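Trainee: So I've got this file, entry38.json, and it contains JSON, C-alpha atoms:
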```json
[["chain", "number", "residue", "atom", "x", "y", "z"],
["A", 1, "MET", "CA", 0.00, 0.00, 0.00],
["A", 2, "ASN", "CA", 1.25, 3.49, -0.90],
["A", 3, "LEU", "CA", 0.16, 6.96, -0.01],
["A", 4, "TYR", "CA", -0.80, 9.66, -2.46],
["A", 5, "ALA", "CA", 0.10, 12.98, -0.76],
["A", 6, "TYR", "CA", -2.07, 16.08, -1.24],
["A", 7, "CYS", "CA", -0.93, 18.61, 1.32],
["A", 8, "LEU", "CA", 0.40, 19.37, 4.79],
["A", 9, "SER", "CA", -1.30, 21.29, 7.55],
["A", 10, "SER", "CA", -0.91, 21.86, 11.26],
["A", 11, "ASN", "CA", -4.63, 21.91, 12.01],
["A", 12, "VAL", "CA", -6.66, 20.09, 9.40],
["A", 13, "PRO", "CA", -9.85, 18.49, 10.80],
["A", 14, "PRO", "CA", -9.76, 14.69, 10.16],
["A", 15, "GLU", "CA", -13.53, 14.31, 10.22],
["A", 16, "LYS", "CA", -13.93, 16.81, 7.39],
["A", 17, "VAL", "CA", -11.20, 15.19, 5.33],
["A", 18, "ALA", "CA", -13.09, 11.90, 5.50],
["A", 19, "ASP", "CA", -15.98, 13.54, 3.62],
["A", 20, "LEU", "CA", -13.81, 14.40, 0.61],
["A", 21, "ARG", "CA", -13.40, 12.45, -2.61],
["A", 22, "GLY", "CA", -9.79, 11.88, -3.53],
["A", 23, "ILE", "CA", -7.74, 10.54, -6.38],
["A", 24, "GLN", "CA", -8.96, 7.33, -8.03],
["A", 25, "GLY", "CA", -12.20, 7.53, -6.03],
["A", 26, "THR", "CA", -10.43, 7.14, -2.70],
["A", 27, "VAL", "CA", -11.43, 8.67, 0.61],
["A", 28, "PRO", "CA", -8.58, 10.86, 1.91],
["A", 29, "ARG", "CA", -7.38, 10.61, 5.48],
["A", 30, "VAL", "CA", -5.02, 12.41, 7.81],
["A", 31, "LEU", "CA", -1.61, 10.99, 8.65],
["A", 32, "ALA", "CA", -0.38, 12.69, 11.80],
["A", 33, "GLY", "CA", 3.25, 13.70, 12.07],
["A", 34, "ASP", "CA", 5.13, 15.73, 14.66],
["A", 35, "GLY", "CA", 3.38, 19.08, 14.87],
["A", 36, "MET", "CA", 1.68, 18.73, 11.52],
["A", 37, "ALA", "CA", -0.35, 16.29, 9.48],
["A", 38, "ALA", "CA", -0.44, 15.15, 5.88],
["A", 39, "VAL", "CA", -3.65, 14.67, 3.94],
["A", 40, "VAL", "CA", -3.22, 11.44, 1.97],
["A", 41, "SER", "CA", -5.05, 8.68, 0.15],
["A", 42, "ASP", "CA", -4.20, 4.98, 0.28],
["A", 43, "ILE", "CA", -3.57, 3.75, -3.24],
["A", 44, "GLU", "CA", -2.36, 0.45, -4.64],
["A", 45, "ASP", "CA", -0.34, 1.84, -7.53],
["A", 46, "ARG", "CA", 3.21, 3.08, -7.35],
["A", 47, "GLU", "CA", 2.48, 6.01, -9.64],
["A", 48, "VAL", "CA", -0.42, 8.10, -10.82],
["A", 49, "THR", "CA", -1.35, 8.95, -14.37],
["A", 50, "LEU", "CA", -1.14, 12.50, -15.60],
["A", 51, "ALA", "CA", -4.77, 12.58, -16.59],
["A", 52, "ARG", "CA", -7.29, 15.32, -16.27],
["A", 53, "GLU", "CA", -9.44, 13.55, -13.66],
["A", 54, "ASN", "CA", -6.43, 12.88, -11.44],
["A", 55, "VAL", "CA", -5.18, 16.46, -11.57],
["A", 56, "VAL", "CA", -8.69, 17.69, -10.84],
["A", 57, "ALA", "CA", -9.00, 15.29, -7.87],
["A", 58, "HIS", "CA", -5.63, 16.45, -6.54],
["A", 59, "GLU", "CA", -6.70, 20.07, -6.70],
["A", 60, "ARG", "CA", -10.20, 19.35, -5.38],
["A", 61, "VAL", "CA", -8.91, 17.86, -2.15],
["A", 62, "ILE", "CA", -6.38, 20.63, -1.53],
["A", 63, "ASP", "CA", -8.91, 23.27, -2.44],
["A", 64, "SER", "CA", -11.33, 21.84, 0.14],
["A", 65, "VAL", "CA", -8.65, 21.99, 2.82],
["A", 66, "LEU", "CA", -8.01, 25.59, 1.80],
["A", 67, "GLN", "CA", -11.56, 26.41, 2.83],
["A", 68, "TRP", "CA", -10.69, 25.45, 6.43],
["A", 69, "THR", "CA", -7.04, 26.38, 6.75],
["A", 70, "THR", "CA", -4.00, 27.22, 4.61],
["A", 71, "PRO", "CA", -2.05, 24.03, 3.80],
["A", 72, "LEU", "CA", 1.26, 23.49, 2.03],
["A", 73, "PRO", "CA", 0.31, 21.64, -1.16],
["A", 74, "PHE", "CA", 2.32, 18.81, -2.61],
["A", 75, "ARG", "CA", 3.06, 18.83, -6.31],
["A", 76, "PHE", "CA", 0.89, 16.50, -8.36],
["A", 77, "GLY", "CA", 2.19, 12.94, -8.44],
["A", 78, "VAL", "CA", 3.81, 12.38, -5.03],
["A", 79, "VAL", "CA", 3.37, 8.70, -4.13],
["A", 80, "VAL", "CA", 5.28, 7.45, -1.10],
["A", 81, "SER", "CA", 5.30, 4.73, 1.52],
["A", 82, "PRO", "CA", 3.96, 5.73, 4.95],
["A", 83, "GLU", "CA", 7.44, 5.26, 6.40],
["A", 84, "ARG", "CA", 9.05, 7.54, 3.83],
["A", 85, "LEU", "CA", 6.44, 10.25, 4.30],
["A", 86, "LEU", "CA", 6.85, 10.20, 8.08],
["A", 87, "ASP", "CA", 10.61, 10.29, 7.63],
["A", 88, "TYR", "CA", 10.22, 13.34, 5.37],
["A", 89, "LEU", "CA", 7.99, 15.09, 7.91],
["A", 90, "GLY", "CA", 10.51, 14.44, 10.66],
["A", 91, "ARG", "CA", 13.57, 15.36, 8.66],
["A", 92, "GLU", "CA", 12.10, 18.59, 7.23],
["A", 93, "ARG", "CA", 10.07, 19.43, 10.32],
["A", 94, "GLU", "CA", 11.52, 22.87, 11.06],
["A", 95, "VAL", "CA", 11.45, 24.05, 7.46],
["A", 96, "LEU", "CA", 7.89, 22.86, 6.96],
["A", 97, "LEU", "CA", 6.60, 24.36, 10.20],
["A", 98, "GLN", "CA", 8.21, 27.68, 9.33],
["A", 99, "ALA", "CA", 6.59, 27.57, 5.90],
["A", 100, "LEU", "CA", 3.20, 26.77, 7.43],
["A", 101, "THR", "CA", 3.58, 29.79, 9.70],
["A", 102, "ARG", "CA", 4.53, 32.01, 6.75],
["A", 103, "VAL", "CA", 1.45, 31.09, 4.73],
["A", 104, "ASP", "CA", -0.94, 30.95, 7.67],
["A", 105, "GLY", "CA", -4.11, 32.91, 7.01],
["A", 106, "CYS", "CA", -3.15, 33.60, 3.41],
["A", 107, "VAL", "CA", -3.99, 32.41, -0.09],
["A", 108, "GLU", "CA", -2.03, 32.64, -3.31],
["A", 109, "MET", "CA", -3.19, 34.97, -6.06],
["A", 110, "ASN", "CA", -1.67, 34.95, -9.54],
["A", 111, "VAL", "CA", -1.24, 37.51, -12.26],
["A", 112, "LYS", "CA", 0.25, 36.56, -15.61],
["A", 113, "ILE", "CA", 1.25, 39.39, -17.95],
["A", 114, "ALA", "CA", 1.74, 38.69, -21.62],
["A", 115, "GLY", "CA", 2.28, 40.79, -24.72],
["A", 116, "ALA", "CA", 2.89, 44.19, -23.30],
["A", 117, "GLY", "CA", 0.88, 46.25, -25.60],
["A", 118, "GLU", "CA", 0.83, 47.71, -29.03],
["A", 119, "ARG", "CA", 1.64, 45.75, -32.13],
["A", 120, "GLY", "CA", 4.99, 44.38, -31.16],
["A", 121, "ALA", "CA", 8.38, 43.82, -32.64],
["A", 122, "GLY", "CA", 7.71, 40.19, -33.24],
["A", 123, "ASP", "CA", 4.81, 41.04, -35.48],
["A", 124, "LEU", "CA", 6.90, 43.43, -37.52],
["A", 125, "ALA", "CA", 9.69, 40.94, -37.87],
["A", 126, "ASP", "CA", 7.22, 38.32, -38.93],
["A", 127, "THR", "CA", 5.58, 40.42, -41.60],
["A", 128, "LYS", "CA", 8.40, 42.59, -42.91],
["A", 129, "PRO", "CA", 11.27, 40.75, -44.53],
["A", 130, "GLY", "CA", 13.36, 43.92, -44.30],
["A", 131, "VAL", "CA", 13.61, 43.58, -40.52],
["A", 132, "GLY", "CA", 16.73, 41.54, -39.98],
["A", 133, "PRO", "CA", 17.43, 39.20, -37.10],
["A", 134, "GLY", "CA", 19.51, 41.82, -35.28],
["A", 135, "MET", "CA", 16.73, 44.38, -35.31],
["A", 136, "ALA", "CA", 14.16, 41.74, -34.41],
["A", 137, "PHE", "CA", 16.29, 40.76, -31.42],
["A", 138, "LEU", "CA", 16.56, 44.34, -30.21],
["A", 139, "MET", "CA", 12.84, 44.87, -30.63],
["A", 140, "ALA", "CA", 12.09, 41.68, -28.78],
["A", 141, "LYS", "CA", 14.35, 42.80, -25.92],
["A", 142, "GLN", "CA", 12.54, 46.11, -25.82],
["A", 143, "ARG", "CA", 9.22, 44.32, -25.63],
["A", 144, "GLU", "CA", 10.46, 42.07, -22.86],
["A", 145, "SER", "CA", 11.67, 45.11, -20.97],
["A", 146, "GLN", "CA", 8.21, 46.62, -21.22],
["A", 147, "GLU", "CA", 6.63, 43.49, -19.74],
["A", 148, "TRP", "CA", 9.00, 43.63, -16.80],
["A", 149, "LYS", "CA", 8.23, 47.31, -16.35],
["A", 150, "ILE", "CA", 4.55, 46.46, -16.00],
["A", 151, "ALA", "CA", 5.40, 43.70, -13.54],
["A", 152, "GLU", "CA", 7.48, 46.07, -11.43],
["A", 153, "GLU", "CA", 4.71, 48.63, -11.32],
["A", 154, "LEU", "CA", 2.25, 45.90, -10.44],
["A", 155, "HIS", "CA", 4.42, 44.91, -7.50],
["A", 156, "GLN", "CA", 4.49, 48.50, -6.32],
["A", 157, "ALA", "CA", 0.73, 48.76, -6.68],
["A", 158, "VAL", "CA", 0.01, 45.76, -4.45],
["A", 159, "ALA", "CA", 3.04, 46.12, -2.16],
["A", 160, "GLY", "CA", 1.09, 47.09, 0.93],
["A", 161, "LEU", "CA", -1.43, 44.32, 0.49],
["A", 162, "ILE", "CA", 0.74, 41.24, 0.07],
["A", 163, "ARG", "CA", 2.88, 39.28, 2.48],
["A", 164, "GLU", "CA", 5.28, 37.82, -0.11],
["A", 165, "LYS", "CA", 5.70, 37.51, -3.85],
["A", 166, "ARG", "CA", 7.32, 35.15, -6.32],
["A", 167, "ILE", "CA", 8.18, 35.90, -9.91],
["A", 168, "GLY", "CA", 8.18, 33.07, -12.40],
["A", 169, "ASP", "CA", 11.05, 32.41, -14.73],
["A", 170, "PRO", "CA", 10.18, 34.11, -18.06],
["A", 171, "LYS", "CA", 12.85, 32.33, -20.08],
["A", 172, "ARG", "CA", 10.48, 30.04, -21.83],
["A", 173, "GLY", "CA", 10.05, 31.93, -25.04],
["A", 174, "PHE", "CA", 6.42, 32.70, -24.34],
["A", 175, "ARG", "CA", 6.82, 36.27, -23.16],
["A", 176, "ILE", "CA", 4.83, 35.71, -20.03],
["A", 177, "VAL", "CA", 5.73, 37.20, -16.68],
["A", 178, "SER", "CA", 4.11, 35.17, -13.92],
["A", 179, "ASN", "CA", 3.55, 36.79, -10.57],
["A", 180, "ALA", "CA", 2.39, 34.95, -7.48],
["A", 181, "PHE", "CA", 1.29, 36.92, -4.44],
["A", 182, "LEU", "CA", 0.69, 35.67, -0.92],
["A", 183, "VAL", "CA", -2.35, 37.62, 0.25],
["A", 184, "GLU", "CA", -3.96, 37.55, 3.67],
["A", 185, "ARG", "CA", -7.56, 36.48, 3.41],
["A", 186, "SER", "CA", -8.75, 39.64, 5.12],
["A", 187, "ARG", "CA", -7.06, 41.72, 2.42],
["A", 188, "LEU", "CA", -8.40, 39.88, -0.60],
["A", 189, "ALA", "CA", -11.08, 42.41, -1.41],
["A", 190, "ALA", "CA", -8.61, 45.29, -1.24],
["A", 191, "TYR", "CA", -6.13, 43.33, -3.34],
["A", 192, "ARG", "CA", -8.74, 42.71, -6.04],
["A", 193, "ASP", "CA", -9.76, 46.35, -6.08],
["A", 194, "ARG", "CA", -6.15, 47.45, -6.43],
["A", 195, "LEU", "CA", -5.51, 44.94, -9.18],
["A", 196, "ASN", "CA", -8.55, 46.01, -11.15],
["A", 197, "GLU", "CA", -7.45, 49.64, -10.92],
["A", 198, "PHE", "CA", -4.00, 48.65, -12.11],
["A", 199, "LYS", "CA", -5.31, 46.75, -15.12],
["A", 200, "LYS", "CA", -7.24, 49.80, -16.25],
["A", 201, "ARG", "CA", -4.00, 51.74, -16.38],
["A", 202, "TRP", "CA", -2.56, 49.26, -18.88],
["A", 203, "PRO", "CA", -5.40, 48.71, -21.36],
["A", 204, "ALA", "CA", -3.13, 47.34, -24.07],
["A", 205, "ALA", "CA", -1.50, 44.69, -21.90],
["A", 206, "ARG", "CA", -2.93, 41.22, -21.46],
["A", 207, "PHE", "CA", -3.56, 39.88, -18.00],
["A", 208, "LEU", "CA", -4.58, 36.46, -16.77],
["A", 209, "THR", "CA", -5.54, 36.65, -13.12],
["A", 210, "SER", "CA", -6.57, 33.72, -10.97],
["A", 211, "GLY", "CA", -7.06, 32.63, -7.39],
["A", 212, "PRO", "CA", -7.46, 32.04, -4.56],
["A", 213, "TRP", "CA", -5.01, 29.12, -4.72],
["A", 214, "PRO", "CA", -3.31, 27.05, -2.09],
["A", 215, "PRO", "CA", 0.17, 28.54, -1.74],
["A", 216, "TYR", "CA", 1.83, 26.32, -4.35],
["A", 217, "SER", "CA", 4.42, 28.98, -5.12],
["A", 218, "PHE", "CA", 5.34, 29.51, -1.48],
["A", 219, "THR", "CA", 6.31, 26.00, -0.51],
["A", 220, "PRO", "CA", 9.94, 25.43, 0.46],
["A", 221, "VAL", "CA", 12.00, 25.38, -2.73],
["A", 222, "ALA", "CA", 13.00, 21.88, -3.72],
["A", 223, "SER", "CA", 15.35, 20.71, -6.43],
["A", 224, "GLY", "CA", 12.58, 20.57, -9.03],
["A", 225, "ASN", "CA", 11.28, 24.00, -8.17],
["A", 226, "ARG", "CA", 14.13, 26.16, -9.31],
["A", 227, "ALA", "CA", 12.08, 28.12, -11.83],
["A", 228, "TRP", "CA", 10.40, 29.92, -8.96],
["A", 229, "GLU", "CA", 12.96, 32.03, -7.18],
["A", 230, "ALA", "CA", 12.32, 34.05, -4.08],
["A", 231, "ASN", "CA", 11.90, 37.70, -4.87],
["A", 232, "SER", "CA", 10.29, 38.95, -1.77],
["B", 1, "MET", "CA", -12.19, 23.97, -9.86],
["B", 2, "ASN", "CA", -15.30, 26.01, -10.31],
["B", 3, "GLN", "CA", -14.23, 28.09, -7.39],
["B", 4, "LYS", "CA", -11.36, 29.43, -9.45],
["B", 5, "LEU", "CA", -13.62, 30.51, -12.28],
["B", 6, "LYS", "CA", -15.00, 33.46, -10.46],
["B", 7, "ASP", "CA", -11.54, 34.88, -10.17],
["B", 8, "SER", "CA", -10.16, 33.73, -13.46],
["B", 9, "ALA", "CA", -10.02, 36.37, -16.13],
["B", 10, "GLN", "CA", -8.31, 36.73, -19.42],
["B", 11, "GLY", "CA", -7.14, 39.64, -21.48],
["B", 12, "ARG", "CA", -6.87, 39.82, -25.21],
["B", 13, "PRO", "CA", -5.35, 36.90, -27.06],
["B", 14, "PRO", "CA", -1.58, 37.27, -27.18],
["B", 15, "ALA", "CA", -0.03, 38.38, -30.43],
["B", 16, "GLY", "CA", 1.76, 35.62, -32.20],
["B", 17, "ALA", "CA", -0.35, 32.91, -30.61],
["B", 18, "ALA", "CA", -2.18, 32.12, -33.79],
["B", 19, "PRO", "CA", -2.44, 28.35, -33.29],
["B", 20, "LEU", "CA", -4.51, 28.91, -30.18],
["B", 21, "GLN", "CA", -7.14, 31.57, -30.04],
["B", 22, "MET", "CA", -7.61, 32.42, -26.39],
["B", 23, "ASP", "CA", -10.91, 34.09, -27.01],
["B", 24, "LEU", "CA", -12.31, 30.77, -28.13],
["B", 25, "LEU", "CA", -11.39, 29.01, -24.94],
["B", 26, "GLU", "CA", -13.96, 28.29, -22.33],
["B", 27, "GLU", "CA", -13.43, 29.57, -18.84],
["B", 28, "MET", "CA", -13.19, 25.99, -17.68],
["B", 29, "ASP", "CA", -10.22, 25.48, -19.97],
["B", 30, "LEU", "CA", -8.47, 28.45, -18.47],
["B", 31, "SER", "CA", -9.19, 27.19, -15.02],
["B", 32, "LEU", "CA", -7.75, 23.80, -15.91],
["B", 33, "LEU", "CA", -4.79, 25.53, -17.47],
["B", 34, "GLU", "CA", -4.06, 27.41, -14.29],
["B", 35, "THR", "CA", -4.55, 24.28, -12.22],
["B", 36, "LEU", "CA", -1.98, 22.47, -14.35],
["B", 37, "ASP", "CA", 0.45, 25.33, -14.07],
["B", 38, "HIS", "CA", 0.26, 25.11, -10.30],
["B", 39, "ALA", "CA", -0.06, 21.41, -9.66],
["B", 40, "LEU", "CA", 2.63, 20.31, -12.13],
["B", 41, "ASN", "CA", 5.18, 23.06, -11.66],
["B", 42, "ARG", "CA", 5.04, 23.93, -7.99],
["B", 43, "GLY", "CA", 4.40, 22.49, -4.58],
["B", 44, "LEU", "CA", 6.20, 20.26, -2.15],
["B", 45, "VAL", "CA", 8.15, 17.34, -3.51],
["B", 46, "ILE", "CA", 9.87, 14.51, -1.74],
["B", 47, "SER", "CA", 13.11, 13.78, -3.49],
["B", 48, "GLY", "CA", 12.76, 10.93, -5.94],
["B", 49, "GLU", "CA", 9.10, 10.39, -5.15],
["B", 50, "VAL", "CA", 7.28, 12.11, -7.99],
["B", 51, "THR", "CA", 6.31, 9.47, -10.47],
["B", 52, "ILE", "CA", 3.89, 10.46, -13.17],
["B", 53, "SER", "CA", 2.91, 8.42, -16.15],
["B", 54, "VAL", "CA", 1.58, 10.21, -19.17],
["B", 55, "ALA", "CA", -1.60, 9.01, -20.78],
["B", 56, "ASN", "CA", -4.93, 10.34, -21.94],
["B", 57, "ILE", "CA", -3.70, 13.85, -22.43],
["B", 58, "ASP", "CA", -5.89, 15.31, -25.08],
["B", 59, "LEU", "CA", -4.86, 18.07, -27.45],
["B", 60, "ILE", "CA", -6.53, 20.90, -25.65],
["B", 61, "PHE", "CA", -4.79, 19.80, -22.50],
["B", 62, "LEU", "CA", -1.40, 19.98, -24.18],
["B", 63, "GLY", "CA", -2.23, 23.09, -26.18],
["B", 64, "LEU", "CA", -3.28, 25.02, -23.12],
["B", 65, "ASN", "CA", -0.19, 23.99, -21.34],
["B", 66, "VAL", "CA", 1.98, 25.31, -24.13],
["B", 67, "LEU", "CA", 0.09, 28.55, -24.11],
["B", 68, "ILE", "CA", 1.02, 29.36, -20.55],
["B", 69, "GLY", "CA", 4.57, 28.23, -20.96],
["B", 70, "SER", "CA", 4.50, 24.94, -19.09],
["B", 71, "VAL", "CA", 5.81, 23.00, -22.02],
["B", 72, "GLU", "CA", 9.00, 22.39, -20.10],
["B", 73, "THR", "CA", 7.06, 20.42, -17.55],
["B", 74, "ILE", "CA", 5.50, 18.20, -20.19],
["B", 75, "GLU", "CA", 8.89, 17.67, -21.80],
["B", 76, "ARG", "CA", 10.39, 16.81, -18.43],
["B", 77, "VAL", "CA", 7.63, 14.32, -17.75],
["B", 78, "LEU", "CA", 8.07, 12.75, -21.15],
["B", 79, "GLU", "CA", 11.84, 12.54, -20.68],
["B", 80, "THR", "CA", 11.34, 10.94, -17.28],
["B", 81, "ARG", "CA", 9.01, 8.41, -18.80],
["B", 82, "GLU", "CA", 11.48, 7.51, -21.52],
["B", 83, "LYS", "CA", 14.25, 6.80, -19.05]]
```
Would you mind writing the file's structure down as structure tokens?

Mentor:
Amino acid sequence: MNLYAYCLSSNVPPEKVADLRGIQGTVPRVLAGDGMAAVVSDIEDREVTLARENVVAHERVIDSVLQWTTPLPFRFGVVVSPERLLDYLGREREVLLQALTRVDGCVEMNVKIAGAGERGAGDLADTKPGVGPGMAFLMAKQRESQEWKIAEELHQAVAGLIREKRIGDPKRGFRIVSNAFLVERSRLAAYRDRLNEFKKRWPAARFLTSGPWPPYSFTPVASGNRAWEANS
Amino acid sequence: MNQKLKDSAQGRPPAGAAPLQMDLLEEMDLSLLETLDHALNRGLVISGEVTISVANIDLIFLGLNVLIGSVETIERVLETREK
């Protein structure tokens, strides 16, 4: 028997967890550790399939816990033995408890910024053969700079309303600046108001906003999480 | 995921994203897209204990992932599977 791990919390109510529907139709349960508990499901398999229903089940369980408290979510696909999970909780105890304290009372809100505005350099380079690769490169850099300028102003706009922020790695060729903000639940309304005001000031930019999320971006950085660097 | 829909919003379709027209996507797709971006890219991991097999990923699933720049994750998963 293996455990599928959803999230960690210091005060998740076991009786409520038992009412949830987990991955592969399982009923989640709480595995108590030292000072915290993991929400898990017992599964037979050694791995889970990256399929829509499994990802949705993963998120559904964590999202339900988020209604009661702010957990530290596991990445999709963590399957471990009970012994290994308890060993992890013991070994990383201090780091995990500190992280739980940092995110306590908060949710994650995301803002993605793409394509900073007017018809861009890439479009010109695509449609005008006379624009050489050197010019296209410079224009692309200028466009990238503009996207970061918007991101910086966004950070200033919400600075007083967020506890921490993370900026995603933009080096993916998709010209998207991803911003994750840790927002106290009591400040969500103010955060949304501020964000809506900000978006009006940049009518030509494209925003994708979402949340509230469990604090995926504010979990302790692991080896596979390097794309999300601390920028708080 | 419906909870996310109320807070999920999109701007204009990005220039140069011709293969995928964002304005044709349903809100549910965007919500799934954001869920994937979070659940596959971030969160706690226990070293050596993330094992994902890839199956039943339909085109919209992959296409959306590319749109938000998570293609690296899919490639990483595929590489892991091939090993």

Trainee: If we count all atoms listed in the file and set the cut-off at 12 Å, which residues sit around Ala159 in chain A, ignoring sequence neighbours fewer than 2 positions away in its own chain? Please answer as a list of chain:residue names.

Mentor: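 Within the cut-off, the hits are A:Ala151, A:Glu152, A:Glu153, A:Leu154, A:His155, A:Gln156, A:Ala157, A:Leu161, A:Ile162, A:Arg163, A:Glu164, A:Lys165, A:Phe181, A:Leu182, A:Val183, A:Arg187, A:Ala190, A:Tyr191, A:Arg194, A:Leu195, A:Ser232.
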
Trainee: Using only C-alpha atoms, find each residue of chain A with at least one atom at most 6 Å away from an atom of chain B; report its shortest atom-to-atom pair and that distance in Å (one decimal), sort the rows by chain and rising residue number, and return the result as a Markdown table.

Mentor:
```
| residue | atom | partner | partner_atom | distance |
| --- | --- | --- | --- | --- |
| A:Glu47 | CA | B:Thr51 | CA | 5.2 |
| A:Val48 | CA | B:Ile52 | CA | 5.4 |
| A:Thr49 | CA | B:Ser53 | CA | 4.6 |
| A:Leu50 | CA | B:Val54 | CA | 5.0 |
| A:Ala51 | CA | B:Asn56 | CA | 5.8 |
| A:Pro73 | CA | B:Gly43 | CA | 5.4 |
| A:Phe74 | CA | B:Leu44 | CA | 4.2 |
| A:Arg75 | CA | B:Gly43 | CA | 4.3 |
| A:Phe76 | CA | B:Ala39 | CA | 5.2 |
| A:Gly77 | CA | B:Val50 | CA | 5.2 |
| A:Val78 | CA | B:Val50 | CA | 4.6 |
| A:Gly115 | CA | B:Pro14 | CA | 5.8 |
| A:Phe174 | CA | B:Gly69 | CA | 5.9 |
| A:Arg206 | CA | B:Gly11 | CA | 4.5 |
| A:Phe207 | CA | B:Gly11 | CA | 5.0 |
| A:Leu208 | CA | B:Gln10 | CA | 4.6 |
| A:Thr209 | CA | B:Ala9 | CA | 5.4 |
| A:Ser210 | CA | B:Ser8 | CA | 4.4 |
| A:Gly211 | CA | B:Asp7 | CA | 5.7 |
| A:Tyr216 | CA | B:Gly43 | CA | 4.6 |
| A:Ser217 | CA | B:Arg42 | CA | 5.8 |
| A:Thr219 | CA | B:Gly43 | CA | 5.7 |
```

Trainee: Mind giving me the straight-line distance from CA of Val12 in chain A to CA of Arg52 in chain A in Å, one decimal?

Mentor: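 Interatomic distance, CA of Val12 in chain A to CA of Arg52 in chain A: 26.1 Å.
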
Trainee: I want to know what sits within 9 Å of Val30 in chain A, based on all atoms listed in the file, with residues of the same chain fewer than 6 positions away left out; could you give that as a PyMOL selection string?

Mentor: chain A and resi 12-14+17-18+37-41

Trainee: Please compute the CA of Thr69 in chain A-CA of Glu92 in chain A distance, one decimal, in Å.

Mentor: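 The value is 20.7 Å.
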
Trainee: Rounded to one decimal place, report the CA of Leu100 in chain A-CA of Pro220 in chain A distance in Å.

Mentor: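 Rounded to one decimal, the two atoms are 9.8 Å apart.
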
Trainee: Out of A:Ala114, A:Val65, A:Ala99, A:Ala204, which residue has the shortest atom-to-atom distance to Cys7 in chain A when counting all atoms listed in the file?

Mentor: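 Of the candidates, the smallest distance to Cys7 in chain A is held by A:Val65.
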
Trainee: Can you tell me which residues surround Asn179 in chain A at a distance of at most 7 Å, considering all atoms listed in the file, apart from same-chain residues fewer than 2 positions away, and format the answer as number ranges by chain?

Mentor: A: 110-112, 166-168, 177, 181
